[in-house]
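Text of entry_12.txt, listed as compact mmCIF, C-alpha atoms:
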```
# COMPACT_ATOMS: atom_id res chain seq x y z
CA MET M 1 200.37 79.74 137.80
CA ALA M 2 198.30 76.86 136.50
CA SER M 3 197.71 76.86 132.76
CA ASP M 4 194.16 77.28 131.42
CA TYR M 5 195.10 75.52 128.19
CA LYS M 6 192.69 72.80 127.09
CA SER M 7 193.46 70.34 124.34
CA ALA M 8 191.04 69.65 121.49
CA GLU M 9 190.23 66.36 123.20
CA ASP M 10 189.47 68.10 126.52
CA ARG M 11 187.19 70.60 124.80
CA ALA M 12 185.40 67.81 122.93
CA LEU M 13 184.87 65.84 126.15
CA GLU M 14 183.42 68.90 127.86
CA LYS M 15 181.01 69.36 124.96
CA PHE M 16 180.02 65.68 125.09
CA ALA M 17 179.48 65.90 128.84
CA ASP M 18 177.28 68.97 128.42
CA MET M 19 175.20 67.11 125.84
CA MET M 20 174.82 64.10 128.12
CA VAL M 21 173.82 66.29 131.09
CA GLU M 22 171.27 68.11 128.94
CA LYS M 23 169.83 64.82 127.65
CA ILE M 24 169.58 63.24 131.10
CA GLN M 25 167.93 66.39 132.46
CA GLU M 26 165.44 66.26 129.60
CA MET M 27 164.58 62.64 130.39
CA LYS M 28 164.33 63.45 134.08
CA GLU M 29 161.88 66.31 133.39
CA SER M 30 159.71 63.91 131.37
CA ASN M 31 159.59 61.60 134.41
CA TRP M 32 161.89 59.27 132.48
CA GLN M 33 159.29 58.71 129.74
CA LYS M 34 161.41 60.09 126.90
CA PRO M 35 163.76 57.59 125.19
CA TRP M 36 167.49 58.05 124.69
CA PHE M 37 166.86 58.72 121.01
CA THR M 38 163.62 59.79 119.34
CA ASP M 39 161.57 57.39 117.25
CA GLY M 40 162.88 57.08 113.72
CA ALA M 41 166.38 58.32 114.54
CA LYS M 42 168.70 57.32 111.69
CA TRP M 43 172.22 56.01 112.21
CA PRO M 44 174.87 58.67 111.39
CA ARG M 45 177.23 58.17 108.45
CA ASN M 46 179.99 60.07 106.71
CA LEU M 47 179.78 61.39 103.17
CA SER M 48 181.14 58.11 101.77
CA GLY M 49 178.33 56.14 103.43
CA ARG M 50 180.48 54.64 106.17
CA GLU M 51 178.71 54.33 109.50
CA TYR M 52 180.05 56.07 112.59
CA ASN M 53 180.35 53.80 115.63
CA GLY M 54 180.55 53.93 119.39
CA SER M 55 180.90 57.34 121.00
CA ASN M 56 180.79 59.13 117.64
CA ALA M 57 177.44 57.56 116.80
CA LEU M 58 176.16 58.46 120.27
CA VAL M 59 177.10 62.14 120.18
CA LEU M 60 176.01 62.60 116.55
CA LEU M 61 172.62 61.00 117.29
CA LEU M 62 172.18 63.42 120.22
CA HIS M 63 173.45 66.29 118.04
CA CYS M 64 170.90 65.48 115.31
CA GLN M 65 168.12 65.20 117.85
CA LYS M 66 168.96 68.52 119.50
CA ASN M 67 169.21 70.43 116.23
CA GLY M 68 166.44 68.69 114.33
CA TYR M 69 168.70 67.28 111.62
CA GLN M 70 166.70 64.79 109.55
CA VAL M 71 169.62 63.54 107.45
CA PRO M 72 172.46 62.27 109.71
CA ILE M 73 175.28 62.57 107.18
CA PHE M 74 178.44 64.41 108.25
CA ALA M 75 181.72 65.57 106.73
CA THR M 76 184.75 67.64 107.66
CA PHE M 77 185.26 71.07 106.09
CA ASN M 78 188.03 69.71 103.87
CA ARG M 79 185.84 66.82 102.73
CA VAL M 80 183.06 69.23 101.76
CA MET M 81 185.47 71.46 99.83
CA GLY M 82 186.93 68.38 98.15
CA LEU M 83 183.60 67.91 96.36
CA ASN M 84 184.62 70.76 94.07
CA PHE M 85 187.62 68.98 92.56
CA ASP M 86 188.42 65.83 90.60
CA ALA M 87 191.13 63.27 91.42
CA ASN M 88 193.74 65.54 89.82
CA LYS M 89 192.63 68.46 91.99
CA GLN M 90 191.11 70.26 89.04
CA PRO M 91 187.77 72.11 89.39
CA LEU M 92 184.80 69.99 88.41
CA ARG M 93 182.98 71.02 85.23
CA ASP M 94 179.70 70.12 83.57
CA LYS M 95 179.38 68.50 80.13
CA ASP M 96 179.72 71.93 78.48
CA GLY M 97 183.00 72.65 80.24
CA LYS M 98 181.59 75.17 82.70
CA LYS M 99 182.66 75.05 86.33
CA LEU M 100 180.08 73.54 88.63
CA PRO M 101 178.70 75.68 91.48
CA ILE M 102 180.93 75.69 94.54
CA VAL M 103 179.93 73.40 97.41
CA THR M 104 180.78 74.91 100.79
CA VAL M 105 179.84 75.05 104.46
CA ASN M 106 177.23 77.72 105.12
CA LYS M 107 178.52 80.88 106.76
CA GLY M 108 178.34 80.93 110.55
CA GLU M 109 177.77 77.20 111.01
CA LYS M 110 179.44 75.52 113.99
CA SER M 111 181.06 72.10 113.76
CA MET M 112 180.72 69.08 116.02
CA PRO M 113 183.88 67.29 117.25
CA ILE M 114 184.26 63.54 116.88
CA PHE M 115 187.03 61.11 117.83
CA LEU M 116 188.77 58.95 115.27
CA THR M 117 191.40 56.44 116.36
CA SER M 118 194.44 55.72 114.22
CA HIS M 119 196.67 52.68 114.83
CA THR M 120 200.40 52.29 114.34
CA CYS M 121 201.37 48.62 113.95
CA VAL M 122 205.02 47.85 114.62
CA ASP M 123 206.81 44.51 114.28
CA LYS M 124 208.36 43.69 117.68
CA GLU M 125 211.63 42.43 116.15
CA THR M 126 212.20 44.32 112.89
CA LYS M 127 210.40 47.52 113.98
CA GLU M 128 208.80 47.56 110.55
CA LYS M 129 205.42 49.28 110.36
CA ILE M 130 202.44 47.93 108.44
CA PRO M 131 199.05 49.53 107.67
CA TYR M 132 196.32 48.80 110.18
CA ASP M 133 194.10 47.37 107.42
CA ASP M 134 196.83 44.82 106.65
CA TYR M 135 197.20 44.03 110.36
CA LYS M 136 193.49 43.23 110.65
CA LYS M 137 193.84 40.61 107.92
CA LEU M 138 196.52 38.69 109.81
CA SER M 139 195.80 35.51 111.73
CA ALA M 140 195.71 35.58 115.53
CA GLU M 141 199.16 33.98 115.62
CA GLU M 142 200.63 36.49 113.15
CA LYS M 143 199.20 39.42 115.11
CA LYS M 144 201.31 38.41 118.11
CA ARG M 145 204.39 39.66 116.23
CA TYR M 146 203.13 43.23 116.36
CA VAL M 147 202.60 45.96 118.92
CA VAL M 148 199.66 48.21 118.13
CA TYR M 149 199.70 51.82 119.33
CA PRO M 150 196.29 53.53 119.16
CA LYS M 151 196.07 57.32 118.95
CA THR M 152 192.94 59.41 119.39
CA ASN M 153 192.49 62.28 116.92
CA VAL M 154 189.80 64.97 117.04
CA TYR M 155 188.02 65.98 113.83
CA ASN M 156 185.28 68.56 113.39
CA VAL M 157 182.32 67.67 111.20
CA PHE M 158 179.28 69.42 109.75
CA ASN M 159 175.85 68.09 108.89
CA VAL M 160 175.89 67.90 105.11
CA ALA M 161 172.16 68.46 104.62
CA ALA M 162 171.62 71.31 107.08
CA GLN M 163 174.99 73.08 107.23
CA THR M 164 176.17 73.07 103.60
CA ASN M 165 174.71 74.20 100.27
CA LEU M 166 175.01 70.73 98.74
CA ALA M 167 171.26 70.52 97.94
CA GLU M 168 171.49 73.65 95.77
CA ALA M 169 174.96 73.16 94.30
CA ARG M 170 174.72 69.41 93.60
CA PRO M 171 171.03 68.44 93.59
CA GLU M 172 171.65 65.03 91.99
CA MET M 173 174.33 64.11 94.54
CA TYR M 174 172.10 65.34 97.36
CA ALA M 175 169.18 63.24 96.10
CA LYS M 176 171.40 60.14 96.11
CA LEU M 177 172.48 60.88 99.69
CA ILE M 178 168.86 61.15 100.78
CA GLU M 179 167.99 57.90 99.00
CA GLY M 180 170.99 56.17 100.55
CA ASN M 181 169.98 57.28 104.04
CA LYS M 182 167.95 54.10 104.49
CA SER M 183 169.58 51.41 106.58
CA ALA M 184 169.19 47.82 105.44
CA ARG M 185 169.93 46.85 109.05
CA GLU M 186 166.70 48.25 110.49
CA ALA M 187 164.39 45.62 111.92
CA ASN M 188 161.12 47.34 110.85
CA LEU M 189 159.24 45.31 113.44
CA GLY M 190 155.49 45.14 113.00
CA GLU M 191 152.87 43.62 115.24
CA GLY M 192 153.83 40.07 116.15
CA GLN M 193 157.17 40.25 114.30
CA THR M 194 160.51 39.07 115.66
CA PHE M 195 164.03 40.45 115.26
CA LEU M 196 165.36 37.25 113.72
CA PRO M 197 169.11 37.90 114.23
CA LEU M 198 168.58 38.18 118.00
CA ASP M 199 166.19 35.22 117.95
CA ALA M 200 168.88 33.14 116.24
CA MET M 201 171.53 34.29 118.72
CA ILE M 202 169.33 33.09 121.58
CA ASN M 203 168.10 29.82 120.09
CA HIS M 204 171.35 28.75 118.40
CA ASP M 205 173.81 29.96 121.07
CA LEU M 206 175.46 32.58 118.85
CA TRP M 207 176.62 34.97 121.57
CA VAL M 208 179.69 34.84 123.83
CA CYS M 209 177.54 33.30 126.54
CA PRO M 210 174.20 31.47 126.62
CA ILE M 211 171.05 33.62 126.78
CA LYS M 212 168.31 31.88 128.74
CA PRO M 213 164.75 33.29 128.54
CA THR M 214 163.09 32.27 131.82
CA TYR M 215 159.73 33.13 133.35
CA GLY M 216 160.43 35.58 136.16
CA ASP M 217 160.96 39.23 136.95
CA GLU M 218 164.75 39.67 136.70
CA ALA M 219 167.21 40.17 133.89
CA TYR M 220 170.88 39.75 134.70
CA TYR M 221 174.30 38.63 133.54
CA SER M 222 176.06 36.21 135.91
CA ILE M 223 179.83 36.56 135.74
CA SER M 224 180.67 33.27 137.46
CA LYS M 225 178.21 31.27 135.34
CA ASN M 226 178.83 33.30 132.19
CA LEU M 227 175.10 33.32 131.56
CA ILE M 228 172.40 35.84 130.69
CA VAL M 229 168.97 35.26 132.21
CA ILE M 230 166.10 37.25 130.72
CA PRO M 231 162.31 37.08 131.29
CA LEU M 232 160.18 35.70 128.47
CA ALA M 233 159.40 38.07 125.61
CA SER M 234 155.69 37.72 126.40
CA GLN M 235 156.27 39.29 129.84
CA PHE M 236 157.33 42.65 128.39
CA LYS M 237 154.96 45.41 127.28
CA ASP M 238 156.19 44.89 123.70
CA TYR M 239 158.83 42.96 121.78
CA GLN M 240 161.13 45.97 121.45
CA SER M 241 161.36 46.19 125.24
CA PHE M 242 162.46 42.55 125.29
CA CYS M 243 165.19 43.29 122.73
CA ASN M 244 166.28 46.40 124.67
CA ASN M 245 166.74 44.35 127.85
CA VAL M 246 168.65 41.57 126.08
CA PHE M 247 170.98 44.15 124.51
CA HIS M 248 171.51 45.69 127.98
CA GLU M 249 172.64 42.36 129.44
CA GLN M 250 174.72 41.51 126.37
CA ILE M 251 176.66 44.75 126.87
CA HIS M 252 177.26 43.69 130.49
CA SER M 253 178.55 40.30 129.29
CA THR M 254 181.26 41.94 127.17
CA GLY M 255 182.92 43.10 130.40
CA ALA M 256 184.01 39.61 131.52
CA ALA M 257 187.69 39.10 132.26
CA SER M 258 188.28 37.11 129.09
CA ARG M 259 186.74 39.84 126.93
CA LEU M 260 186.99 43.54 127.78
CA ASN M 261 187.84 43.04 131.45
CA ARG M 262 185.73 45.84 132.93
CA PHE M 263 184.69 44.16 136.18
CA LYS M 264 187.17 45.12 138.87
CA ASP M 265 187.09 44.53 142.62
CA GLY M 266 184.20 46.44 144.13
CA THR M 267 181.83 46.12 141.19
CA SER M 268 178.83 45.43 143.41
CA PHE M 269 175.32 46.79 143.71
CA GLY M 270 175.27 50.43 144.76
CA SER M 271 178.99 51.06 144.19
CA ALA M 272 180.33 53.83 141.95
CA SER M 273 181.87 51.26 139.60
CA TYR M 274 178.52 49.47 139.32
CA GLY M 275 176.87 52.80 138.48
CA ALA M 276 179.41 53.36 135.70
CA GLU M 277 178.78 49.84 134.41
CA GLU M 278 175.04 50.55 134.31
CA LEU M 279 175.76 53.68 132.27
CA ARG M 280 177.78 51.61 129.78
CA ALA M 281 174.99 49.05 129.47
CA GLU M 282 172.29 51.72 129.08
CA LEU M 283 174.19 53.65 126.41
CA GLY M 284 175.33 50.48 124.64
CA ALA M 285 171.79 49.10 124.54
CA ALA M 286 170.42 52.46 123.35
CA LEU M 287 172.95 52.60 120.52
CA THR M 288 172.31 49.00 119.50
CA SER M 289 168.55 49.51 119.56
CA SER M 290 168.83 52.66 117.46
CA ARG M 291 171.07 50.97 114.91
CA TYR M 292 168.39 48.39 114.20
CA GLY M 293 165.49 50.84 114.16
CA MET M 294 164.22 50.36 117.71
CA THR M 295 163.59 52.86 120.51
CA LYS M 296 165.26 52.43 123.91
CA HIS M 297 163.66 53.83 127.06
CA ILE M 298 165.35 54.02 130.45
CA LYS M 299 165.08 50.92 132.61
CA THR M 300 163.26 51.83 135.82
CA ASP M 301 166.01 50.33 137.96
CA SER M 302 168.63 52.47 136.19
CA VAL M 303 167.01 55.79 137.12
CA ALA M 304 168.84 56.09 140.45
CA TYR M 305 172.17 55.52 138.74
CA ILE M 306 171.38 58.03 135.99
CA LYS M 307 170.80 60.70 138.62
CA SER M 308 174.24 59.99 140.08
CA TRP M 309 175.82 60.18 136.61
CA LEU M 310 174.73 63.81 136.41
CA ASP M 311 177.02 64.71 139.31
CA HIS M 312 179.96 62.77 137.85
CA LEU M 313 179.55 64.36 134.41
CA GLN M 314 179.27 67.88 135.79
CA GLU M 315 182.22 67.50 138.16
CA ASP M 316 184.59 65.64 135.85
CA PRO M 317 183.91 65.50 132.08
CA LYS M 318 186.90 63.18 131.67
CA PHE M 319 184.85 60.55 133.51
CA LEU M 320 182.93 60.29 130.25
CA LYS M 321 186.02 59.45 128.19
CA THR M 322 186.52 56.03 129.77
CA VAL M 323 182.80 55.28 129.66
CA LEU M 324 182.47 56.24 125.98
CA ASN M 325 185.56 54.22 125.08
CA ASP M 326 184.10 51.18 126.85
CA VAL M 327 180.73 51.72 125.17
CA LYS M 328 182.43 51.84 121.78
CA LYS M 329 184.21 48.54 122.33
CA ALA M 330 181.21 46.74 123.84
CA THR M 331 178.74 48.00 121.24
CA GLY M 332 181.18 47.09 118.48
CA MET M 333 181.39 43.51 119.74
CA LEU M 334 177.61 43.21 119.89
CA THR M 335 176.66 44.88 116.61
CA ASP M 336 179.42 43.08 114.70
CA GLN M 337 177.96 39.74 115.78
CA ILE M 338 174.37 40.81 115.08
CA ASP M 339 175.45 41.92 111.60
CA ARG M 340 177.17 38.58 110.96
CA VAL M 341 174.03 36.69 111.93
CA GLN M 342 171.82 39.08 109.96
CA ASP M 343 173.96 38.66 106.85
CA ARG M 344 173.92 34.88 107.21
CA LEU M 345 170.14 34.78 107.58
CA GLN M 346 169.83 36.80 104.37
CA ALA M 347 172.26 34.45 102.58
CA MET M 348 170.21 31.49 103.82
CA LYS M 349 167.02 33.11 102.56
CA ASP M 350 168.60 33.72 99.16
CA ALA M 351 169.55 30.03 99.05
CA GLY M 352 166.02 28.90 99.88
CA ILE M 353 166.73 28.14 103.54
CA GLU M 354 164.11 29.69 105.81
CA TYR M 355 164.81 30.66 109.40
CA LYS M 356 161.68 30.82 111.55
CA ALA M 357 161.19 32.57 114.88
CA GLY M 358 161.90 30.12 117.68
CA GLY M 359 164.94 28.63 115.99
CA GLU M 360 163.45 26.29 113.36
CA ILE M 361 165.34 26.06 110.07
CA ASP M 362 163.53 24.83 106.94
CA ALA M 363 165.92 23.77 104.16
CA THR M 364 163.41 21.81 102.04
CA LYS M 365 163.42 24.37 99.24
CA ALA M 366 167.21 24.50 99.17
CA ALA M 367 167.38 20.74 98.60
CA ASP M 368 165.85 21.22 95.15
CA ARG M 369 168.60 23.56 94.00
CA GLU M 370 172.06 22.90 92.63
CA GLN M 371 174.22 25.42 94.44
CA THR M 372 177.51 25.86 96.21
CA LEU M 373 177.11 27.59 99.55
CA PRO M 374 179.75 29.20 101.80
CA PHE M 375 178.17 27.43 104.77
CA ASP M 376 176.87 23.98 105.66
CA PRO M 377 173.15 23.93 104.69
CA ARG M 378 172.56 21.21 107.31
CA ALA M 379 173.84 23.51 110.08
CA PRO M 380 173.93 26.97 108.48
CA LEU M 381 174.54 28.90 111.70
CA SER M 382 176.98 26.65 113.55
CA ASP M 383 180.14 28.39 112.29
CA LEU M 384 178.95 31.74 113.71
CA ARG M 385 179.29 30.68 117.34
CA PRO M 386 181.91 32.96 118.92
CA SER M 387 184.48 31.69 121.36
CA ALA M 388 183.40 32.37 124.93
CA ASP M 389 186.93 33.48 125.82
CA ALA M 390 187.91 35.18 122.57
CA VAL M 391 190.23 38.14 123.12
CA ASP M 392 190.80 40.87 120.56
CA PRO M 393 194.27 42.38 121.18
CA ILE M 394 193.04 45.74 119.88
CA LEU M 395 189.97 45.83 122.11
CA ASN M 396 191.86 44.52 125.12
CA PRO M 397 195.65 44.66 124.76
CA GLN M 398 196.22 43.89 128.45
CA LEU M 399 194.58 40.49 128.07
CA ALA M 400 196.16 39.60 124.75
CA GLU M 401 199.13 38.10 126.55
CA ALA M 402 197.52 37.28 129.91
CA PRO M 403 195.68 34.02 130.68
CA PHE M 404 192.09 34.18 131.88
CA LYS M 405 191.75 33.43 135.57
CA SER M 406 188.27 32.35 136.56
CA SER M 407 186.78 33.75 139.72
CA THR M 408 185.49 31.54 142.50
CA LYS M 409 183.36 34.32 143.92
CA GLU M 410 179.80 34.60 142.65
CA GLU M 411 179.35 38.04 141.11
CA VAL M 412 176.22 39.08 139.35
CA ILE M 413 175.55 42.20 137.33
CA ALA M 414 171.80 42.27 137.69
CA ALA M 415 168.86 44.58 137.56
CA LYS M 416 165.13 43.94 137.62
CA SER M 417 163.54 44.55 134.25
CA THR M 418 160.51 46.73 133.76
CA LEU M 419 157.89 44.10 133.00
CA HIS M 420 154.30 44.54 131.92
CA ARG M 421 152.33 41.39 132.51
```
How would this structure read if it were set down as structure tokens?
Amino acid sequence: MASDYKSAEDRALEKFADMMVEKIQEMKESNWQKPWFTDGAKWPRNLSGREYNGSNALVLLLHCQKNGYQVPIFATFNRVMGLNFDANKQPLRDKDGKKLPIVTVNKGEKSMPIFLTSHTCVDKETKEKIPYDDYKKLSAEEKKRYVVYPKTNVYNVFNVAAQTNLAEARPEMYAKLIEGNKSAREANLGEGQTFLPLDAMINHDLWVCPIKPTYGDEAYYSISKNLIVIPLASQFKDYQSFCNNVFHEQIHSTGAASRLNRFKDGTSFGSASYGAEELRAELGAALTSSRYGMTKHIKTDSVAYIKSWLDHLQEDPKFLKTVLNDVKKATGMLTDQIDRVQDRLQAMKDAGIEYKAGGEIDATKAADREQTLPFDPRAPLSDLRPSADAVDPILNPQLAEAPFKSSTKEEVIAAKSTLHR
């Protein structure tokens, strides 16, 4: 007799699939007018302030939206209980020596599963293991000595603000959490403003492929040309829609053979694999938009594929595992680069070097200062250009030792953008 046993991972995937089905149905009932995430949705973090990424960020954003959680800070049961003890595992006390009130998870609250990946790094010759943090610091050549074994672990987390008594038991700590729930990454775009990190990526060629704004009515990533074509920002109903569409095509571009190698034979318009790729790009763009304080609506041309995703998700929740894993990798590549550019632009500003929308760099004020900079003030962004064929052995272990073979067949991942002239 077949076993009905389901692992923690299987149960988590089923829950994620149910959430995705519910969300897509909600968007469908709104005639696709509702966004993936509501306006003002904050990026989820753990109790230490570390941001969740990829699939965890996706499901926790949906979880917060569904339950009305305003503070997206999460922790495991053990982490919450650990707030009651010092480093020596002794109960915390106030200045008068009295035990502080116990912090705990509220009775009857249900947790949300998340996936955390651990990595075992083993030297191919000596079989010696090293911590993953040490592995990440190695050069590309040194990393070749090691085999990295990833393992997915399931943890259950609670919303700290809504599902614990932290606000009552530790009001000062709670106030700090609320104050810290403001992301410095958010674009805060006003009328006529530009998301400068993306502007710099376009105008200074700081992505894995060129991004070419062109007057027209199509946005697409060409695999054979390794090129993103996007309509002009002025053709969209607003600047956020322009950013959303660029993010969508950037997620597509991470799937090239020399990167995450997602495009297999049969990835053509209308195919099941193309539908899955559209799901990755939609979710990846939604996550990226949310991380920088923007709202992502469904692209009109993606609606037909979204409807087909409902059937896949309902029939086989494990279908979502591969998609979420791909979204995590692709979104990580994109947001890591945006963060690098964003940090550099801030460092330039601090040094008196002004970056202006459209790509102009004004270093006249910096010339009057005596300062040592970690970048060339004459070309302050040039060192941020990523290699077009860079391969991360963790993101794509199959390609770490395989040469890139260019395709002679023209393949285009394309979709018409929703334009408002």
query: Restricting the calculation to all atoms listed in the file, which member of M:Ala175, M:Met201, M:Ala87, M:Ala161 is positioned closest to Arg340 of chain M?
result: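 Of the candidates, the smallest distance to Arg340 of chain M is held by M:Met201.
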For Pro380 of chain M, work out the shell of residues within 12 Å, counting all atoms listed in the file and skipping chain neighbours fewer than 2 positions away, then give it as a compact mmCIF listing (two decimals) with C-alpha atoms, in the coordinates of the input.
```
# COMPACT_ATOMS: atom_id res chain seq x y z
CA ALA M 200 168.88 33.14 116.24
CA HIS M 204 171.35 28.75 118.40
CA LEU M 206 175.46 32.58 118.85
CA VAL M 341 174.03 36.69 111.93
CA ASP M 343 173.96 38.66 106.85
CA ARG M 344 173.92 34.88 107.21
CA LEU M 345 170.14 34.78 107.58
CA GLN M 346 169.83 36.80 104.37
CA ALA M 347 172.26 34.45 102.58
CA MET M 348 170.21 31.49 103.82
CA LYS M 349 167.02 33.11 102.56
CA ALA M 351 169.55 30.03 99.05
CA GLY M 352 166.02 28.90 99.88
CA ILE M 353 166.73 28.14 103.54
CA GLU M 354 164.11 29.69 105.81
CA TYR M 355 164.81 30.66 109.40
CA GLY M 359 164.94 28.63 115.99
CA GLU M 360 163.45 26.29 113.36
CA ILE M 361 165.34 26.06 110.07
CA ASP M 362 163.53 24.83 106.94
CA ALA M 363 165.92 23.77 104.16
CA ALA M 366 167.21 24.50 99.17
CA LEU M 373 177.11 27.59 99.55
CA PRO M 374 179.75 29.20 101.80
CA PHE M 375 178.17 27.43 104.77
CA ASP M 376 176.87 23.98 105.66
CA PRO M 377 173.15 23.93 104.69
CA ARG M 378 172.56 21.21 107.31
CA SER M 382 176.98 26.65 113.55
CA ASP M 383 180.14 28.39 112.29
CA LEU M 384 178.95 31.74 113.71
CA ARG M 385 179.29 30.68 117.34
```
statement: What separates atom CA of Arg291 of chain M and atom CA of Asn156 of chain M is a distance of 22.7 Å
- prompt: With only C-alpha atoms as the atoms that count, which of M:Ser7, M:Ser55, M:Thr194, M:Ser48 lies nearest to Phe242 of chain M?
  reply: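 The shortest atom-to-atom distance to Phe242 of chain M comes from M:Thr194.
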message: Nearest residue to Thr38 of chain M out of M:Gln163, M:Ser290, M:Asn78, M:Ser308, using all atoms listed in the file?
response: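 Smallest separation from Thr38 of chain M among the options: M:Ser290.
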Name all residues at most 9 Å from segment 326-334 of chain M (count all atoms listed in the file; drop same-chain ones fewer than 2 positions away) and give them as a CSV table (one decimal) with C-alpha atoms, in the frame of the given file.
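part-v6.csv, written as the output of this step:
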```
chain,number,residue,atom,x,y,z
M,53,ASN,CA,180.4,53.8,115.6
M,54,GLY,CA,180.6,53.9,119.4
M,55,SER,CA,180.9,57.3,121.0
M,56,ASN,CA,180.8,59.1,117.6
M,207,TRP,CA,176.6,35.0,121.6
M,247,PHE,CA,171.0,44.2,124.5
M,250,GLN,CA,174.7,41.5,126.4
M,251,ILE,CA,176.7,44.8,126.9
M,252,HIS,CA,177.3,43.7,130.5
M,253,SER,CA,178.6,40.3,129.3
M,254,THR,CA,181.3,41.9,127.2
M,255,GLY,CA,182.9,43.1,130.4
M,260,LEU,CA,187.0,43.5,127.8
M,262,ARG,CA,185.7,45.8,132.9
M,279,LEU,CA,175.8,53.7,132.3
M,280,ARG,CA,177.8,51.6,129.8
M,281,ALA,CA,175.0,49.0,129.5
M,283,LEU,CA,174.2,53.6,126.4
M,284,GLY,CA,175.3,50.5,124.6
M,285,ALA,CA,171.8,49.1,124.5
M,287,LEU,CA,173.0,52.6,120.5
M,288,THR,CA,172.3,49.0,119.5
M,321,LYS,CA,186.0,59.4,128.2
M,322,THR,CA,186.5,56.0,129.8
M,323,VAL,CA,182.8,55.3,129.7
M,324,LEU,CA,182.5,56.2,126.0
M,336,ASP,CA,179.4,43.1,114.7
M,337,GLN,CA,178.0,39.7,115.8
M,338,ILE,CA,174.4,40.8,115.1
M,339,ASP,CA,175.4,41.9,111.6
M,395,LEU,CA,190.0,45.8,122.1
```
query: Which is closer to Val105 of chain M than all the others in M:Leu166, M:Val154, M:Val303, M:Val59, using all atoms listed in the file?
result: M:Leu166
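If you measure from each of M:Asp96, M:Glu128, M:Asp316, M:Glu249 to Tyr220 of chain M using all atoms listed in the file, the closest one turns out to be M:Glu249.
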